[in-house]
Structure formats: structure tokens, C-alpha cells
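Structure file structure_25.txt (compact mmCIF, C-alpha atoms) is printed below.
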```
# COMPACT_ATOMS: atom_id res chain seq x y z
CA MET A 277 0.00 0.00 0.00
CA ALA A 278 1.25 3.51 -0.82
CA LYS A 279 2.70 5.58 2.00
CA ASN A 280 0.32 8.51 1.51
CA PHE A 281 -3.31 7.55 1.03
CA THR A 282 -6.81 7.76 2.46
CA PHE A 283 -8.82 4.82 3.75
CA THR A 284 -12.46 4.47 4.77
CA SER A 285 -14.13 1.83 6.94
CA GLU A 286 -17.70 1.46 8.14
CA SER A 287 -19.51 -0.15 11.06
CA VAL A 288 -23.15 -0.61 11.98
CA CYS A 289 -25.17 -0.38 15.19
CA SER A 290 -26.52 -3.39 17.06
CA GLY A 291 -30.01 -2.71 15.72
CA HIS A 292 -28.94 -2.83 12.07
CA PRO A 293 -30.94 -5.55 10.25
CA ASP A 294 -27.90 -7.73 9.54
CA LYS A 295 -26.75 -7.40 13.13
CA ILE A 296 -30.18 -8.35 14.48
CA CYS A 297 -29.77 -11.57 12.53
CA ASP A 298 -26.20 -12.12 13.76
CA ARG A 299 -27.33 -11.57 17.35
CA ILE A 300 -30.23 -14.03 17.07
CA SER A 301 -27.99 -16.69 15.49
CA ASP A 302 -25.23 -16.24 18.08
CA SER A 303 -27.71 -16.15 20.96
CA ILE A 304 -29.04 -19.52 19.83
CA LEU A 305 -25.46 -20.79 19.65
CA ASP A 306 -24.74 -19.54 23.17
CA ALA A 307 -27.87 -21.21 24.53
CA VAL A 308 -26.73 -24.54 23.07
CA LEU A 309 -23.13 -24.24 24.33
CA ALA A 310 -24.35 -23.31 27.82
CA GLN A 311 -25.92 -26.76 28.08
CA ASP A 312 -23.80 -28.77 25.66
CA PRO A 313 -20.25 -27.56 24.89
CA ALA A 314 -19.97 -30.18 22.14
CA GLY A 315 -23.14 -29.02 20.39
CA ARG A 316 -22.98 -28.52 16.63
CA VAL A 317 -24.65 -25.35 15.42
CA ALA A 318 -24.90 -23.55 12.08
CA ILE A 319 -27.88 -21.23 12.33
CA GLU A 320 -28.78 -18.44 9.92
CA THR A 321 -31.45 -15.82 10.40
CA MET A 322 -33.21 -13.57 7.92
CA ALA A 323 -35.36 -10.61 8.93
CA GLY A 324 -37.72 -8.50 6.85
CA LYS A 325 -40.83 -6.42 7.36
CA ASP A 326 -42.76 -8.01 10.24
CA ARG A 327 -41.14 -11.44 9.70
CA VAL A 328 -38.20 -13.55 10.90
CA PHE A 329 -36.90 -16.77 9.34
CA ILE A 330 -34.50 -19.05 11.23
CA VAL A 331 -32.92 -21.97 9.34
CA GLY A 332 -29.90 -24.25 9.56
CA GLU A 333 -28.57 -27.17 11.51
CA LEU A 334 -28.43 -28.02 15.18
CA THR A 335 -27.18 -31.31 16.63
CA SER A 336 -27.09 -31.28 20.41
CA LYS A 337 -28.45 -32.80 23.59
CA ALA A 338 -29.36 -29.28 24.72
CA THR A 339 -33.00 -28.27 24.98
CA ILE A 340 -33.54 -24.69 23.91
CA ALA A 341 -36.49 -22.51 22.93
CA ILE A 342 -35.42 -20.96 19.62
CA GLU A 343 -38.45 -18.73 19.20
CA LYS A 344 -38.21 -17.41 22.74
CA ILE A 345 -34.51 -16.61 22.28
CA ALA A 346 -35.24 -14.74 19.07
CA ARG A 347 -38.04 -12.67 20.61
CA GLU A 348 -35.96 -11.77 23.66
CA THR A 349 -33.09 -10.72 21.41
CA ILE A 350 -35.30 -8.49 19.26
CA ARG A 351 -36.77 -6.89 22.37
CA LYS A 352 -33.36 -6.19 23.89
CA LEU A 353 -32.28 -4.50 20.67
CA GLY A 354 -35.10 -2.00 21.03
CA TYR A 355 -37.66 -3.25 18.53
CA THR A 356 -40.85 -2.98 20.56
CA ASN A 357 -42.66 -0.13 18.81
CA PRO A 358 -45.30 -1.20 16.23
CA LEU A 359 -44.37 1.91 14.24
CA PHE A 360 -41.17 0.08 13.21
CA HIS A 361 -43.18 -2.68 11.41
CA PHE A 362 -40.81 -5.16 13.04
CA THR A 363 -41.03 -6.07 16.73
CA ASP A 364 -40.58 -8.83 19.26
CA THR A 365 -44.11 -9.98 18.36
CA SER A 366 -43.48 -10.37 14.63
CA PRO A 367 -44.13 -13.87 13.18
CA ILE A 368 -41.15 -16.23 13.29
CA ASP A 369 -40.70 -19.22 10.96
CA ILE A 370 -38.24 -21.91 12.07
CA SER A 371 -36.76 -24.70 9.94
CA VAL A 372 -33.81 -26.31 11.73
CA HIS A 373 -32.45 -29.82 11.14
CA GLN A 374 -29.56 -31.99 12.36
CA GLN A 375 -26.05 -31.73 10.97
CA SER A 376 -25.41 -33.80 7.85
CA ALA A 377 -24.03 -37.22 8.77
CA GLU A 378 -21.50 -36.87 5.94
CA ILE A 379 -20.06 -33.72 7.55
CA ALA A 380 -20.36 -35.07 11.08
CA GLN A 381 -18.13 -38.07 10.43
CA GLY A 382 -15.18 -35.75 9.84
CA VAL A 383 -15.97 -33.39 12.71
CA ASP A 384 -16.39 -36.33 15.11
CA MET A 385 -12.69 -37.08 14.57
CA ASP A 386 -11.66 -33.51 15.50
CA GLY A 387 -11.54 -32.48 11.87
CA ALA A 388 -12.56 -29.19 10.30
CA GLY A 389 -16.28 -28.73 9.71
CA ASP A 390 -15.65 -27.24 6.28
CA GLN A 391 -12.95 -26.33 3.80
CA GLY A 392 -11.84 -22.74 3.44
CA MET A 393 -9.22 -20.07 4.01
CA MET A 394 -8.96 -17.60 6.89
CA PHE A 395 -6.89 -14.50 7.54
CA GLY A 396 -5.85 -12.69 10.69
CA PHE A 397 -4.29 -9.24 10.90
CA ALA A 398 -2.70 -6.92 13.44
CA CYS A 399 -0.85 -3.61 13.23
CA THR A 400 0.50 -0.84 15.45
CA GLN A 401 -1.95 1.88 14.38
CA THR A 402 -4.03 1.72 17.59
CA LYS A 403 -3.77 0.37 21.11
CA GLU A 404 -6.11 -2.40 19.98
CA LEU A 405 -3.51 -3.36 17.35
CA MET A 406 -6.15 -2.81 14.69
CA PRO A 407 -6.47 -0.43 11.72
CA LEU A 408 -7.64 3.00 12.90
CA PRO A 409 -10.61 3.44 10.50
CA ILE A 410 -12.47 0.33 11.66
CA VAL A 411 -11.70 0.98 15.33
CA LEU A 412 -13.18 4.47 15.12
CA ALA A 413 -16.18 3.26 13.13
CA HIS A 414 -16.94 0.60 15.77
CA LYS A 415 -16.51 3.05 18.62
CA LEU A 416 -18.89 5.49 16.98
CA ALA A 417 -21.49 2.77 16.39
CA LYS A 418 -21.31 1.67 20.00
CA ALA A 419 -21.54 5.29 21.18
CA LEU A 420 -24.69 5.79 19.11
CA ASP A 421 -26.25 2.73 20.76
CA THR A 422 -25.17 3.92 24.19
CA ALA A 423 -26.66 7.36 23.61
CA ARG A 424 -29.98 5.76 22.66
CA GLU A 425 -30.03 3.14 25.42
CA SER A 426 -28.92 5.54 28.18
CA LYS A 427 -31.41 8.14 26.89
CA SER A 428 -28.76 10.82 26.66
CA LEU A 429 -30.18 11.16 23.14
CA PRO A 430 -33.62 9.65 23.80
CA TYR A 431 -35.04 10.46 20.38
CA LEU A 432 -32.69 8.07 18.57
CA ARG A 433 -34.17 4.79 17.30
CA PRO A 434 -32.63 1.35 16.69
CA ASP A 435 -30.42 0.88 13.63
CA GLY A 436 -27.59 3.03 12.38
CA LYS A 437 -24.32 3.11 10.45
CA THR A 438 -21.00 4.88 10.83
CA GLN A 439 -18.18 5.56 8.40
CA VAL A 440 -14.74 7.08 8.97
CA THR A 441 -12.19 8.31 6.44
CA VAL A 442 -8.59 8.52 7.64
CA GLU A 443 -5.68 10.25 5.90
CA TYR A 444 -2.33 8.44 6.11
CA LYS A 445 1.06 10.07 5.71
CA ASN A 446 4.21 7.97 5.52
CA GLY A 447 2.04 4.97 6.28
CA LYS A 448 0.76 6.40 9.59
CA PRO A 449 -2.69 7.79 10.45
CA ALA A 450 -2.41 11.57 10.34
CA ASN A 451 -5.93 12.97 10.20
CA VAL A 452 -9.61 12.06 10.23
CA SER A 453 -10.98 13.87 7.21
CA HIS A 454 -14.64 12.87 7.28
CA VAL A 455 -17.21 11.06 9.40
CA VAL A 456 -20.56 9.80 8.12
CA ILE A 457 -23.37 8.92 10.51
CA ALA A 458 -26.75 7.48 9.61
CA VAL A 459 -29.25 7.02 12.44
CA PRO A 460 -33.07 7.01 12.56
CA HIS A 461 -34.75 9.38 14.98
CA ASP A 462 -38.10 10.68 16.19
CA GLU A 463 -39.97 12.72 13.60
CA THR A 464 -40.36 15.67 15.98
CA ILE A 465 -36.60 16.30 16.13
CA THR A 466 -34.99 18.36 13.39
CA LEU A 467 -32.02 17.03 11.47
CA ARG A 468 -30.08 20.11 12.52
CA GLN A 469 -30.47 19.19 16.18
CA VAL A 470 -29.62 15.54 15.50
CA LYS A 471 -26.43 16.55 13.73
CA ARG A 472 -25.38 18.93 16.50
CA ASP A 473 -26.15 16.43 19.26
CA VAL A 474 -24.48 13.49 17.51
CA HIS A 475 -21.35 15.56 16.86
CA ASN A 476 -21.07 16.72 20.48
CA THR A 477 -22.18 13.51 22.22
CA VAL A 478 -20.80 10.82 19.92
CA VAL A 479 -18.27 11.98 17.32
CA LYS A 480 -16.21 14.54 19.20
CA PRO A 481 -15.53 12.45 22.36
CA ILE A 482 -14.60 9.30 20.42
CA LEU A 483 -12.18 11.06 18.08
CA GLU A 484 -10.60 12.96 20.98
CA GLU A 485 -10.01 9.66 22.77
CA TYR A 486 -7.75 8.68 19.87
CA GLY A 487 -6.14 12.10 19.50
CA PHE A 488 -8.08 13.35 16.50
CA PHE A 489 -10.59 16.06 15.69
CA VAL A 490 -13.02 16.61 12.84
CA ASN A 491 -14.82 19.86 12.10
CA GLU A 492 -18.61 19.63 12.28
CA ASN A 493 -18.72 20.64 8.62
CA ASN A 494 -16.95 17.37 7.82
CA VAL A 495 -19.54 15.27 9.64
CA THR A 496 -22.43 14.07 7.50
CA VAL A 497 -25.55 12.93 9.35
CA ASN A 498 -28.35 11.22 7.40
CA GLY A 499 -27.16 12.16 3.95
CA THR A 500 -30.62 12.03 2.32
CA GLY A 501 -31.87 14.56 4.85
CA VAL A 502 -34.36 12.31 6.61
CA TRP A 503 -34.42 8.91 8.33
CA HIS A 504 -37.15 8.02 10.79
CA ILE A 505 -37.87 4.30 10.40
CA GLY A 506 -34.97 1.84 10.40
CA GLY A 507 -34.66 -1.89 10.89
CA PRO A 508 -35.77 -4.83 8.76
CA ALA A 509 -38.90 -3.04 7.56
CA SER A 510 -36.62 -0.63 5.69
CA ASP A 511 -33.86 -3.03 4.64
CA ALA A 512 -33.87 -6.82 5.09
CA GLY A 513 -31.23 -8.43 7.29
CA LEU A 514 -29.22 -11.65 6.98
CA THR A 515 -26.73 -13.49 9.17
CA GLY A 516 -23.12 -13.11 8.09
CA ARG A 517 -23.54 -10.32 5.59
CA LYS A 518 -21.25 -7.88 7.45
CA ILE A 519 -18.06 -9.96 7.29
CA VAL A 520 -15.89 -6.92 6.40
CA VAL A 521 -17.40 -4.92 9.27
CA ASP A 522 -16.82 -7.91 11.55
CA THR A 523 -13.12 -8.11 10.72
CA TYR A 524 -10.76 -5.33 9.58
CA GLY A 525 -12.97 -2.86 7.74
CA GLY A 526 -11.46 -3.76 4.38
CA TYR A 527 -7.95 -2.75 5.43
CA ALA A 528 -6.83 -6.39 5.47
CA ARG A 529 -7.97 -9.55 3.73
CA VAL A 530 -10.75 -11.71 5.11
CA GLY A 531 -11.64 -15.35 4.53
CA GLY A 532 -14.44 -16.92 2.56
CA GLY A 533 -16.95 -17.54 5.32
CA CYS A 534 -18.81 -15.59 7.97
CA PHE A 535 -18.72 -16.21 11.72
CA SER A 536 -22.09 -15.75 13.39
CA GLY A 537 -24.28 -18.71 14.26
CA LYS A 538 -21.44 -21.22 13.85
CA ASP A 539 -19.95 -23.38 16.60
CA PRO A 540 -16.13 -23.48 16.77
CA THR A 541 -15.75 -26.71 14.80
CA LYS A 542 -16.54 -24.48 11.83
CA VAL A 543 -13.09 -23.17 10.95
CA ASP A 544 -14.59 -20.16 9.18
CA ARG A 545 -14.96 -18.87 12.72
CA SER A 546 -12.33 -20.58 14.86
CA GLY A 547 -9.65 -20.39 12.17
CA ALA A 548 -10.17 -16.65 11.78
CA TYR A 549 -9.88 -16.25 15.55
CA ALA A 550 -6.69 -18.32 15.56
CA ALA A 551 -5.18 -16.24 12.77
CA ARG A 552 -5.93 -12.99 14.61
CA TYR A 553 -4.50 -14.46 17.84
CA ILE A 554 -1.20 -15.29 16.16
CA ALA A 555 -1.02 -11.99 14.27
CA LYS A 556 -1.72 -9.99 17.41
CA ASN A 557 0.94 -11.82 19.38
CA ILE A 558 3.49 -11.23 16.62
CA VAL A 559 2.84 -7.49 16.68
CA SER A 560 2.41 -7.09 20.43
CA HIS A 561 5.78 -8.77 21.04
CA GLY A 562 7.49 -6.38 18.64
CA LEU A 563 8.32 -9.02 16.04
CA ALA A 564 6.71 -6.90 13.29
CA ASP A 565 4.71 -3.69 12.89
CA GLU A 566 2.11 -5.44 10.71
CA ALA A 567 1.27 -9.11 10.43
CA GLU A 568 -1.16 -11.10 8.32
CA VAL A 569 -1.58 -14.78 9.19
CA ARG A 570 -3.01 -17.10 6.55
CA LEU A 571 -4.67 -20.45 7.23
CA ALA A 572 -6.50 -22.94 5.04
CA TYR A 573 -8.30 -26.18 5.92
CA CYS A 574 -9.86 -29.17 4.22
CA ILE A 575 -13.13 -30.56 5.54
CA GLY A 576 -12.46 -33.40 7.97
CA ALA A 577 -8.74 -32.60 8.27
CA LYS A 578 -7.32 -31.98 11.74
CA LYS A 579 -4.51 -29.63 10.73
CA PRO A 580 -4.36 -26.72 8.28
CA LEU A 581 -3.24 -27.28 4.71
CA MET A 582 -1.61 -23.85 4.76
CA GLN A 583 -0.13 -21.71 7.50
CA ASP A 584 1.89 -18.66 6.52
CA VAL A 585 2.79 -15.20 7.78
CA GLU A 586 3.19 -11.94 5.83
CA THR A 587 4.70 -8.92 7.58
CA PHE A 588 4.93 -6.48 4.65
CA GLU A 589 8.65 -5.89 5.20
CA THR A 590 8.07 -4.71 8.78
CA GLU A 591 9.56 -7.78 10.50
CA LYS A 592 12.21 -7.27 13.18
CA ILE A 593 13.59 -10.82 13.00
CA SER A 594 14.22 -13.21 10.11
CA LYS A 595 11.16 -14.51 8.32
CA LYS A 596 12.06 -18.07 9.25
CA ALA A 597 12.33 -17.16 12.93
CA LEU A 598 9.03 -15.30 12.64
CA LYS A 599 7.24 -18.34 11.23
CA ASP A 600 8.75 -20.52 13.94
CA CYS A 601 7.40 -18.12 16.59
CA ALA A 602 3.97 -18.15 14.98
CA LYS A 603 3.81 -21.93 15.30
CA LYS A 604 4.79 -21.69 18.97
CA PHE A 605 2.05 -19.18 19.73
CA LEU A 606 -0.75 -21.60 18.85
CA ASP A 607 -1.39 -25.17 17.75
CA THR A 608 -3.59 -24.53 14.72
CA SER A 609 -5.12 -27.97 14.55
CA VAL A 610 -8.88 -27.71 14.95
CA GLY A 611 -8.71 -29.33 18.37
CA GLY A 612 -5.73 -27.21 19.37
CA ILE A 613 -7.52 -23.96 18.55
CA ILE A 614 -10.71 -24.93 20.37
CA LYS A 615 -8.85 -26.13 23.46
CA THR A 616 -6.28 -23.31 23.72
CA LEU A 617 -8.80 -20.53 23.18
CA ASP A 618 -11.53 -22.32 25.17
CA LEU A 619 -14.10 -21.76 22.45
CA GLN A 620 -16.82 -24.25 23.42
CA ARG A 621 -18.63 -21.89 25.77
CA PRO A 622 -21.31 -19.21 25.45
CA ILE A 623 -19.26 -16.14 24.52
CA TYR A 624 -20.56 -15.37 21.06
CA ALA A 625 -23.62 -13.12 21.34
CA LYS A 626 -21.33 -10.21 22.26
CA THR A 627 -19.38 -10.66 19.03
CA SER A 628 -22.44 -9.79 16.94
CA SER A 629 -21.91 -6.02 17.32
CA TYR A 630 -18.84 -3.74 17.01
CA GLY A 631 -16.53 -6.31 15.45
CA HIS A 632 -14.93 -9.56 16.51
CA PHE A 633 -11.40 -8.20 16.91
CA GLY A 634 -9.63 -5.60 19.03
CA ARG A 635 -11.79 -6.31 22.10
CA LEU A 636 -10.02 -7.68 25.16
CA GLU A 637 -13.00 -9.64 26.47
CA PHE A 638 -12.46 -12.30 23.81
CA PRO A 639 -9.84 -15.07 24.26
CA TRP A 640 -8.35 -14.66 20.78
CA GLU A 641 -7.21 -11.19 21.87
CA THR A 642 -5.00 -12.57 24.66
CA VAL A 643 -1.29 -11.78 24.53
CA ILE A 644 0.83 -14.65 25.83
CA ASP A 645 4.36 -15.00 27.16
CA PRO A 646 6.41 -16.14 24.16
CA SER A 647 8.83 -18.06 26.33
```
Just dump the structure as C-alpha cells.
Amino acid sequence: MAKNFTFTSESVCSGHPDKICDRISDSILDAVLAQDPAGRVAIETMAGKDRVFIVGELTSKATIAIEKIARETIRKLGYTNPLFHFTDTSPIDISVHQQSAEIAQGVDMDGAGDQGMMFGFACTQTKELMPLPIVLAHKLAKALDTARESKSLPYLRPDGKTQVTVEYKNGKPANVSHVVIAVPHDETITLRQVKRDVHNTVVKPILEEYGFFVNENNVTVNGTGVWHIGGPASDAGLTGRKIVVDTYGGYARVGGGCFSGKDPTKVDRSGAYAARYIAKNIVSHGLADEAEVRLAYCIGAKKPLMQDVETFETEKISKKALKDCAKKFLDTSVGGIIKTLDLQRPIYAKTSSYGHFGRLEFPWETVIDPS
């Protein structure tokens, strides 16, 4: 990548239609793992105007109430007003079956639940060891939700999107040139007030936390001039559709599969977490300023077909020594990842909003002693 450039990343609020679906799918997963750590889950949710569809596979000894979980999730996300044409009372269709026996025979032997490639990335741009644009976009999305939920901006409604453009000089973040916010709000509140309040309550504090400032003239709020009704009635939602938001905001490569609704035998999820874990440890221990870890698996295979590291000429030790360290950080067999990162437990609903990476509450963000 050139040394002087601009880069933009986006995030979405927890009430965004795709994120509603991610949260429902991951809440079902958590309910299964709470009772049965070995449960197999691959659940996808679709939401539209006054309707929810839940499909996929579930093989477990756990007894869970899928419809109840979905309704509780929708309610917690703020969809209780009939005006939204999507609420916790909307009809829900469920079609869930057991895992294919042909897939299960490989997974039963600690093999990967699918083929595919995964990428993990880390860099020194932020304290989270993540690219700055996606970190800021996530922080802004969370701040919008907090302002609504805490009623500091009580007229905001569920749903919302954020976008941040960062100027880089000599490869380092130098300036935030523009912020875009989209958020639905009560019809009685003028857009002028929304823009002023969002700038002062959300944008300004978050950017200052990271040492940046953006003039209010460079903050766009609701670009069409009006947004009152958000959620699935305005734009349908689907599990796994925000894979770039969930990872590195487009700054780094991502794999071929999404994460939400999948138990950790699905390497789309666990492999991506493993790759981030290794990349973060490489950067946090000063072995490189940037690191991309690449993994690939074959369905039923215990170990990856590919494991490689790219440091974009920022490595501080030889590339061979770097790769040797990467292998020491984590056993990337399917069983090794699940065991080391303790992934067969109910920790996934929280991943459905504000990204899967750069958040210390998750085990794949742990920095270990390299010795």
C-alpha cells in the first residue's frame, strides 16, 4: 500500500438488520453451548418487514427454545414499537435440522467442519492493534447505541451506520478527514439538532479519545436529509452479511466464510480467531509492525493445509524465525484452537456487534508470554 493515502471503513449499530440476525444466530449458539459444549450449530437468520426466518442445523443434547430466544433478542435490541413494522411480536418461521451425517463423520474425529481459508491481521496503528478506520467506526457505532439506550439522546431509534475516512502520511494515520453517521430518529426532532447532538455527544468524544478532531462541517448525518424508520422493515437483514465490518474494515484480507451462528468446529470462525490471535501476538511482542496470518483447511482434516505469515517488510527478525514463533504461539489444529482458546462456551452473542477483533473480552485477543 502507498505511504500517503486515504482509507475508509464502516460499522453498523446493534439494531442494524444484519446485526439483528447475527445476534439471534449467536444467541441460539450460546444457549446450546451453555448446556452442551460439544453441540454442533450452524444457524442463519433472515429478517424482513414483520417477519423472521431461522434456518440451519443443530445437533445437540441441549434443549432450547429458539423462538423465545429470538423474541428476547429483538426486544433487547429496542424493537418494541409497532411503528417500526418489526417487533418482538413479529411472526417467526423456524426450519432447523440436524447436521449432515457426511459432515459429522469428519468433525467427530476432531476435523474441520468445512474447507476454506482464513486471515488474521494486526498492526500498530491503535492500542487495539487494529487499523484505525475500523476501530473508530466501531466506537462510533457503540456510542450511538449507548446514547440511545442511556437516553442521553432519547429520540434516537434502533439501527444506524458509521463511516470514517482517515488520511495516512508515511504509512501512519495523520488525520480524520470525514465522518458519516446514519441514524433514525423521532420525527419531531430536526435534522439540525440531530447533527449537533451526535457531533457533540458521539463523534467529538470518540475522536478525541484517539487524539483526532473533525470539524462539524466534515460530519455528515443522514445524507438524504431524513431517516425516521430503520430496521428490517426498511432493509432486510441476513446473518453473516457484514463480514468486512466484523473483521478489519477492508484494510486487510478476510476469509471466505462468515462467523455468526457457527460453533467453533466451523473453521470459518475458529480459524479466523486463531489467525488474529497469532497476528496480534506477533505485533504485540514487537516481532513486526504489521502481520497477516493465513490459514486454510480441508473438511475433515485436523490440521491446516496452509499456515503462513506476511509482515509487509516490517519484520524485526528473520522470516524463518518469525514463522517458527507463529507456530509456537498456537497449535492450529482444529482441536488445538478450540482447546487453547476455550471456544466451546457461550461467549458469542457479544461478538455480533462492534466487530470480533480488538476487544479484550475475547480469548483470541490474549497476549501470551512467548517463552
Set out as a Markdown table a contact list for segment 318-426 of chain A and segment 528-544 of chain A with a cut-off of 8 Å, giving each residue of segment 318-426 of chain A that qualifies its closest atom pair and distance in Å to one decimal, counting all atoms listed in the file, ordered by chain and rising residue number.
```
| residue | atom | partner | partner_atom | distance |
| --- | --- | --- | --- | --- |
| A:Ala318 | CA | A:Lys538 | CA | 4.5 |
| A:Ile319 | CA | A:Gly537 | CA | 4.8 |
| A:Glu320 | CA | A:Gly537 | CA | 6.3 |
| A:Val383 | CA | A:Thr541 | CA | 7.0 |
| A:Asp386 | CA | A:Thr541 | CA | 8.0 |
| A:Gly387 | CA | A:Thr541 | CA | 7.7 |
| A:Ala388 | CA | A:Thr541 | CA | 6.0 |
| A:Gly389 | CA | A:Lys542 | CA | 4.8 |
| A:Asp390 | CA | A:Lys542 | CA | 6.3 |
| A:Gln391 | CA | A:Val543 | CA | 7.8 |
| A:Gly392 | CA | A:Gly532 | CA | 6.4 |
| A:Met393 | CA | A:Gly531 | CA | 5.3 |
| A:Met394 | CA | A:Gly531 | CA | 4.2 |
| A:Phe395 | CA | A:Val530 | CA | 5.3 |
| A:Gly396 | CA | A:Val530 | CA | 7.5 |
| A:Phe397 | CA | A:Ala528 | CA | 6.6 |
```
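Closest approach to Phe329 of chain A among A:Thr515, A:Gln439, A:Ser594, A:Gln375: A:Thr515, based on all atoms listed in the file.
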Quick one: everything within 12 Å of Lys615 of chain A, counting all atoms listed in the file, minus sequence neighbours fewer than 6 positions away in the same chain. Send it as a ChimeraX atom specification. /A:313-314,386,540-541,546,550,606-609,621,639-640
Nearest residue to Gly436 of chain A from the set A:Cys574, A:Val288, A:Val455, A:Ile554 (distances using all atoms listed in the file):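 Under the stated criterion, the closest residue is A:Val288.
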Considering only C-alpha atoms, state which residue in the set A:Tyr431, A:Phe281, A:Phe588, A:Tyr553 is at the smallest distance from His504 of chain A.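 Checking each of A:Tyr431, A:Phe281, A:Phe588, A:Tyr553 against His504 of chain A, counting only C-alpha atoms, the winner is A:Tyr431.
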Return the single residue from A:Gly611, A:Gly332, A:Gly547, A:Gly291 that is closest to Leu432 of chain A, with distances computed using all atoms listed in the file.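 Of A:Gly611, A:Gly332, A:Gly547, A:Gly291, the one nearest Leu432 of chain A is A:Gly291, counting all atoms listed in the file.
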Quick one, how far is atom CA of Glu286 of chain A from atom CA of Lys325 of chain A?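 Taking atom CA of Glu286 of chain A and atom CA of Lys325 of chain A, their separation equals 24.4 Å.
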Polymer residues at most 12 Å from Gly562 of chain A, all atoms listed in the file, same-chain spacing of 6 or more positions, as an mmCIF file with C-alpha atoms, in the coordinates of the input:
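Output file out-v7.cif follows:
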```cif
data_model
loop_
_atom_site.group_PDB
_atom_site.id
_atom_site.type_symbol
_atom_site.label_atom_id
_atom_site.label_comp_id
_atom_site.auth_asym_id
_atom_site.auth_seq_id
_atom_site.Cartn_x
_atom_site.Cartn_y
_atom_site.Cartn_z
ATOM 1 C CA ALA A 398 -2.700 -6.920 13.440
ATOM 2 C CA CYS A 399 -0.850 -3.610 13.230
ATOM 3 C CA THR A 400 0.500 -0.840 15.450
ATOM 4 C CA LEU A 405 -3.510 -3.360 17.350
ATOM 5 C CA ALA A 555 -1.020 -11.990 14.270
ATOM 6 C CA LYS A 556 -1.720 -9.990 17.410
ATOM 7 C CA THR A 587 4.700 -8.920 7.580
ATOM 8 C CA THR A 590 8.070 -4.710 8.780
ATOM 9 C CA GLU A 591 9.560 -7.780 10.500
ATOM 10 C CA LYS A 592 12.210 -7.270 13.180
ATOM 11 C CA ILE A 593 13.590 -10.820 13.000
ATOM 12 C CA LEU A 598 9.030 -15.300 12.640
ATOM 13 C CA CYS A 601 7.400 -18.120 16.590
ATOM 14 C CA VAL A 643 -1.290 -11.780 24.530
ATOM 15 C CA PRO A 646 6.410 -16.140 24.160
#
```
